[in-house]
Structure formats: structure tokens, C-alpha cells
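Take a look at the structure below.
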Amino acid sequence: GESVLDAIGPDTVLITGDLTDGKSLLGGGQQNEEEWMAYDGVVKEFVSRTGPVLDILGNHDKFNVFDECCEHYRNYSYCGRGKRASPKGRTAVHVLVNQELVTFDTWREKFMYDGRSGCPKAVLFGLDASASLGLKSPTNFVGLVNSKDVEEATLVGEEVKALLNIVGCGPTKTPIISYGHFPLSTISSMRHPEGRWYNMGIFGAMRHAFDSIYCMQGVGMAHVIAEVATVYVSGHLHSAFGEKLHRVHTIEESQRYLTELETAAWKDDRRFRIITVDSGCL
């Protein structure tokens, strides 16, 4: 691990959920503080070698958790220790300015009109779709957001795009990279005003995986991400099924495209994804 980090020299590390296994010896959902303490040690090592880490909750991290703030996440994760950009914790926006990772608010206050810093290298738009109250496995398999969460993410996304455009740093110069734990088709959200349902949950994931021509036509959080970002990276479904979710989605009404990529679990497959930004191109 040390030689890989040294060779890559990442500006930041994204950890897209399932920070711990969160199971008892019999396989039931259960939070183990020892796992969180071990994760905390790994994160601190990453930070000392690479800089900030952006970690987000997965369903395993909410197994059998009836605390909306998730005490272990708040105490042992990097973002949980007060470094989120959103007070609600659903959206977290960070900006890569030169080699420095700052919150969106910090960029707006200190760097936005500073001509010396130029356009940000990238904007990282995090989405927490974990259930507010976690049940035992496997009942919290699907990501859950409500209409208020969708509205918040929409407003934050619109503000990010608007301010970047004001200073001439549109998507061709500063890409917006979105990340979360749940693939878009496994996030259950709101109903379309015209009565249509976006194909979400387990059946949405199955259609997403096996339908070779899939076009995202609904609203909800999936549509919000597509309107904001050029790529969305997630975890959750591991390599056997998750790789089938790799798609380039088309949003016909706005003529936008969104690349969705799922990364296999580090625990099982020791895989990670490298995202490189070169003059605004991913």
C-alpha cells in the first residue's frame, strides 16, 4: 500500500462507503467499535501520506444503527469529524485548488476571485444516501433519500455550477466528479410529477445491469447528479454485479451525459480506481 501511494501521489482519496464490515460473528448487522478504530488508523495513515480523505457512509456502516448521526462515523471517520460541507450531511462539496483540497465555502470565500489560483482542478460532489436509521442486514440494501434531500442536492449543485461559470471555470475547465456509496439505480427517491417512477431499488439495479440500452429518464437524486456531474463513482455491489452497472447515461431533455462507474470492494478484490484530471479532461 505504501509503495502504491508513493507512486501515485494522489491529491485526495475517495472512500465510497462500507468503511467497516459491520457484522456479528453470525453474520447479522452489528457495529463493532474495534473495526472503526482500525479504520481510523488507516485513514490517519492515508492523511499523513496523501492529504485529505473523503469518506462517506455505506449500508454496512449503518447496520443496526438507530442514531441518525452515526456515532462511530462521527468519531472515527475523516469527514465525520466535522469536515463535511453540508450541515445536513447529505451533500458534501470539496474543491481541488492547485494541490489543496478545501470545502466549497472556503473556495468561494478565499479563492474564487483570486486570479493567481486559476480554475480549480476539480470539484468533488459527495452524496450520502444511507438510510437515516439503519436496520439489520439485509434490509438496508437500498439507498434512501426524500424530497428534501433531493431539493438540497439540486440547490447545492446549481450553486456550484453557477459560481464556476461566473469565474469562467465551466465543465470544460473544471470537471465535477460525484461520488457516493450506492449506484444510482439502487437509490430510492421521489416520484416524477407526471406519475412515472424511476426504476430504482433491486429491480432498477437488475434492469440497469442487463438492459444494454438504458436511458435515465426519471427525476430524483439520479437526475440531480446527472445534471451536475460528468462522472459518478460508487461502490456497494462489488465486482460480480457492480461492473455490469458501468454506463454512459443520456439525459435527453438537457442533452447531457453521465458516466457511472462502480468500484469493487477493497476487502474482497483489492481494487481501486485512479481518476486523473488533465486540463479539465478526465
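Identifiers in this document derive from the order of the C-alpha cells: chains are assigned A, B, ..., residues are numbered from 1 separately in each chain, and ligands are numbered from 1 in order of occurrence.
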query: Which residues in segment 26-189 of chain A does DSSP call strand (DSSP E)? List them as a PyMOL selection string.
result: chain A and resi 53-55+91-97+100-103+122-127+143-144+176-180+187-188
Selection: 10 Å around Leu258 of chain A, only C-alpha atoms, excl. self and same-chain fewer than 4 positions, as a list in words: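 Residues near the query, excluding close chain neighbours: Met216, His223, Ile225, Ala226, Glu227, Val228, Ala229, Thr230, Val231, Tyr232, Arg247, Val248, His249, Thr250 and Ile251 of chain A.
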Selection to disk with N, CA and C atoms, as a JSON list (two decimals), in the first residue's frame:
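So the final result, stored in part24.json, reads:
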```json
[["chain", "number", "residue", "atom", "x", "y", "z"],
["A", 216, "MET", "N", -31.66, 7.17, -18.62],
["A", 216, "MET", "CA", -32.19, 7.65, -17.36],
["A", 216, "MET", "C", -33.18, 8.77, -17.62],
["A", 223, "HIS", "N", -31.25, 11.95, -11.26],
["A", 223, "HIS", "CA", -31.33, 13.03, -12.23],
["A", 223, "HIS", "C", -30.52, 14.23, -11.77],
["A", 225, "ILE", "N", -27.78, 14.28, -9.94],
["A", 225, "ILE", "CA", -26.36, 14.02, -10.17],
["A", 225, "ILE", "C", -26.02, 14.16, -11.64],
["A", 226, "ALA", "N", -26.90, 13.67, -12.50],
["A", 226, "ALA", "CA", -26.64, 13.77, -13.94],
["A", 226, "ALA", "C", -26.61, 15.21, -14.42],
["A", 227, "GLU", "N", -27.38, 16.07, -13.78],
["A", 227, "GLU", "CA", -27.39, 17.49, -14.18],
["A", 227, "GLU", "C", -26.16, 18.23, -13.67],
["A", 228, "VAL", "N", -25.52, 17.71, -12.65],
["A", 228, "VAL", "CA", -24.38, 18.40, -12.03],
["A", 228, "VAL", "C", -23.05, 17.87, -12.53],
["A", 229, "ALA", "N", -22.89, 16.57, -12.54],
["A", 229, "ALA", "CA", -21.57, 15.97, -12.72],
["A", 229, "ALA", "C", -21.39, 15.35, -14.10],
["A", 230, "THR", "N", -20.14, 15.06, -14.42],
["A", 230, "THR", "CA", -19.83, 14.35, -15.65],
["A", 230, "THR", "C", -19.52, 12.88, -15.38],
["A", 231, "VAL", "N", -19.22, 12.54, -14.12],
["A", 231, "VAL", "CA", -18.96, 11.15, -13.75],
["A", 231, "VAL", "C", -19.45, 10.92, -12.33],
["A", 232, "TYR", "N", -19.96, 9.72, -12.08],
["A", 232, "TYR", "CA", -20.39, 9.32, -10.74],
["A", 232, "TYR", "C", -19.73, 7.99, -10.42],
["A", 247, "ARG", "N", -22.06, 2.53, -17.09],
["A", 247, "ARG", "CA", -22.92, 3.05, -18.14],
["A", 247, "ARG", "C", -22.55, 4.49, -18.47],
["A", 248, "VAL", "N", -22.87, 4.89, -19.67],
["A", 248, "VAL", "CA", -22.91, 6.31, -20.03],
["A", 248, "VAL", "C", -24.39, 6.64, -20.20],
["A", 249, "HIS", "N", -24.96, 7.36, -19.24],
["A", 249, "HIS", "CA", -26.37, 7.70, -19.25],
["A", 249, "HIS", "C", -26.60, 8.93, -20.12],
["A", 250, "THR", "N", -27.74, 8.97, -20.77],
["A", 250, "THR", "CA", -28.13, 10.11, -21.59],
["A", 250, "THR", "C", -29.34, 10.79, -20.95],
["A", 251, "ILE", "N", -29.22, 12.10, -20.70],
["A", 251, "ILE", "CA", -30.34, 12.88, -20.21],
["A", 251, "ILE", "C", -30.83, 13.69, -21.41]]
```
task: May I have the residues within 10 Å of Gln99 of chain A as a ChimeraX atom specification, using only C-alpha atoms and disregarding those fewer than 5 positions away in the same chain?
output: /A:10-12,51,120-121
message: Please list as a PyMOL selection string every residue within 8 Å of segment 150-154 of chain A, counting only C-alpha atoms and excluding residues in the same chain fewer than 2 positions away.
response: chain A and resi 90-91+145-148+156-158+189+220-221+224
I need the residues from that last selection saved to file as an mmCIF file, in the first residue's frame (with N, CA and C atoms), if you can.
```cif
data_model
loop_
_atom_site.group_PDB
_atom_site.id
_atom_site.type_symbol
_atom_site.label_atom_id
_atom_site.label_comp_id
_atom_site.auth_asym_id
_atom_site.auth_seq_id
_atom_site.Cartn_x
_atom_site.Cartn_y
_atom_site.Cartn_z
ATOM 1 N N ARG A 90 -26.004 15.284 3.786
ATOM 2 C CA ARG A 90 -26.398 14.563 2.584
ATOM 3 C C ARG A 90 -25.503 14.906 1.391
ATOM 4 N N THR A 91 -25.131 16.153 1.275
ATOM 5 C CA THR A 91 -24.225 16.545 0.196
ATOM 6 C C THR A 91 -22.986 17.177 0.795
ATOM 7 N N VAL A 145 -33.403 8.456 -0.020
ATOM 8 C CA VAL A 145 -33.411 9.910 0.114
ATOM 9 C C VAL A 145 -34.853 10.380 -0.045
ATOM 10 N N ASN A 146 -35.171 11.531 0.547
ATOM 11 C CA ASN A 146 -36.519 12.061 0.417
ATOM 12 C C ASN A 146 -36.497 13.334 -0.425
ATOM 13 N N SER A 147 -37.651 13.941 -0.571
ATOM 14 C CA SER A 147 -37.752 15.105 -1.446
ATOM 15 C C SER A 147 -36.911 16.270 -0.938
ATOM 16 N N LYS A 148 -36.771 16.411 0.377
ATOM 17 C CA LYS A 148 -35.930 17.481 0.914
ATOM 18 C C LYS A 148 -34.459 17.262 0.570
ATOM 19 N N VAL A 156 -27.624 22.920 -4.123
ATOM 20 C CA VAL A 156 -26.166 22.943 -3.987
ATOM 21 C C VAL A 156 -25.510 22.773 -5.355
ATOM 22 N N GLY A 157 -26.026 21.837 -6.152
ATOM 23 C CA GLY A 157 -25.463 21.619 -7.479
ATOM 24 C C GLY A 157 -25.592 22.832 -8.378
ATOM 25 N N GLU A 158 -26.753 23.472 -8.333
ATOM 26 C CA GLU A 158 -26.953 24.670 -9.156
ATOM 27 C C GLU A 158 -26.014 25.794 -8.729
ATOM 28 N N SER A 189 -35.920 7.297 -4.409
ATOM 29 C CA SER A 189 -36.177 8.695 -4.072
ATOM 30 C C SER A 189 -37.618 9.038 -4.391
ATOM 31 N N GLY A 220 -35.523 12.707 -9.237
ATOM 32 C CA GLY A 220 -34.928 12.195 -8.029
ATOM 33 C C GLY A 220 -33.432 12.434 -8.030
ATOM 34 N N MET A 221 -32.751 11.785 -7.096
ATOM 35 C CA MET A 221 -31.331 12.044 -6.912
ATOM 36 C C MET A 221 -30.499 11.661 -8.122
ATOM 37 N N VAL A 224 -30.551 14.524 -10.466
ATOM 38 C CA VAL A 224 -29.786 15.646 -9.926
ATOM 39 C C VAL A 224 -28.301 15.472 -10.210
#
```
task: Enumerate as a PyMOL selection string all residues of segment 4-247 of chain A assigned to alpha helix (DSSP H) by DSSP on the backbone, naming them with the chain letters and numbers the document uses.
output: chain A and resi 4-8+33-50+71-76+104-106+147-166+201-210+221-228+238-242
message: For Val123 of chain A, find every residue with an atom within 6 Å (counting only C-alpha atoms), except residues of its own chain fewer than 3 positions away, and show them as an NGL selection string.
response: :A and (94-95 or 176)
Go ahead and write the residues just picked, N, CA, C and O atoms, as a CSV table (one decimal), in the first residue's frame.
```csv
chain,number,residue,atom,x,y,z
A,94,HIS,N,-16.4,19.6,-2.1
A,94,HIS,CA,-15.0,20.0,-1.9
A,94,HIS,C,-14.4,20.4,-3.2
A,94,HIS,O,-14.8,19.9,-4.3
A,95,VAL,N,-13.4,21.2,-3.2
A,95,VAL,CA,-12.7,21.8,-4.4
A,95,VAL,C,-11.2,21.5,-4.3
A,95,VAL,O,-10.6,21.8,-3.3
A,176,ILE,N,-16.8,18.3,-12.6
A,176,ILE,CA,-17.4,17.9,-11.3
A,176,ILE,C,-17.5,16.4,-11.2
A,176,ILE,O,-18.2,15.8,-12.1
```
query: Excluding same-chain residues fewer than 2 positions from Gly58 of chain A, what lies within 7 Å of it counting only C-alpha atoms, as a list in words?
result: Gly17, Asp18, Ile56, His60, Asp61, Lys62, Ser130 and His181 of chain A
- request: Tell me which of A:Asp40, A:Val4, A:Phe111, A:Tyr76 sits closest to Arg271 of chain A, counting only C-alpha atoms.
  value: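 When distances to Arg271 of chain A are compared using only C-alpha atoms, the smallest one comes from A:Val4.
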message: Using Å and a single decimal, report how far atom CA of Leu57 of chain A sits from atom CA of Arg256 of chain A.
response: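 Between these atoms lies a distance of 27.9 Å.
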field: Close residues, Leu184 of chain A itself excluded, 6 Å, only C-alpha atoms, min 2 positions apart in chain, as an MDAnalysis selection string
entry: chainID A and resid 186:187 222
- prompt: Could you work out how far atom CA of Leu101 of chain A lies from atom CA of Leu155 of chain A, giving the answer in Å with one decimal?
  reply: 21.9 Å
message: So, with only C-alpha atoms as the atoms that count, which of A:Glu35, A:Glu243, A:Asp278, A:Asp105 lies closest to Thr263 of chain A?
response: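 Closest to Thr263 of chain A of all the choices is A:Glu243.
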field: Point-to-point distance from atom CA of Val160 of chain A to atom CA of Leu14 of chain A, Å rounded to tenths
entry: 19.6 Å
message: I need the residue nearest Leu164 of chain A from this list: A:Val277, A:Cys119, A:Ala131, A:Ile177. Use only C-alpha atoms for the distance.
response: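 The answer is A:Cys119, which sits nearest to Leu164 of chain A.
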- line: From the list A:Thr276, A:Ser234, A:Thr50, A:Asn75, the nearest residue to Glu100 of chain A using only C-alpha atoms is A:Thr50
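Residue nearest Tyr73 of chain A within the list A:Phe46, A:Phe272, A:Trp36, A:Phe104: A:Trp36 [criterion: smallest interatomic distance, only C-alpha atoms].
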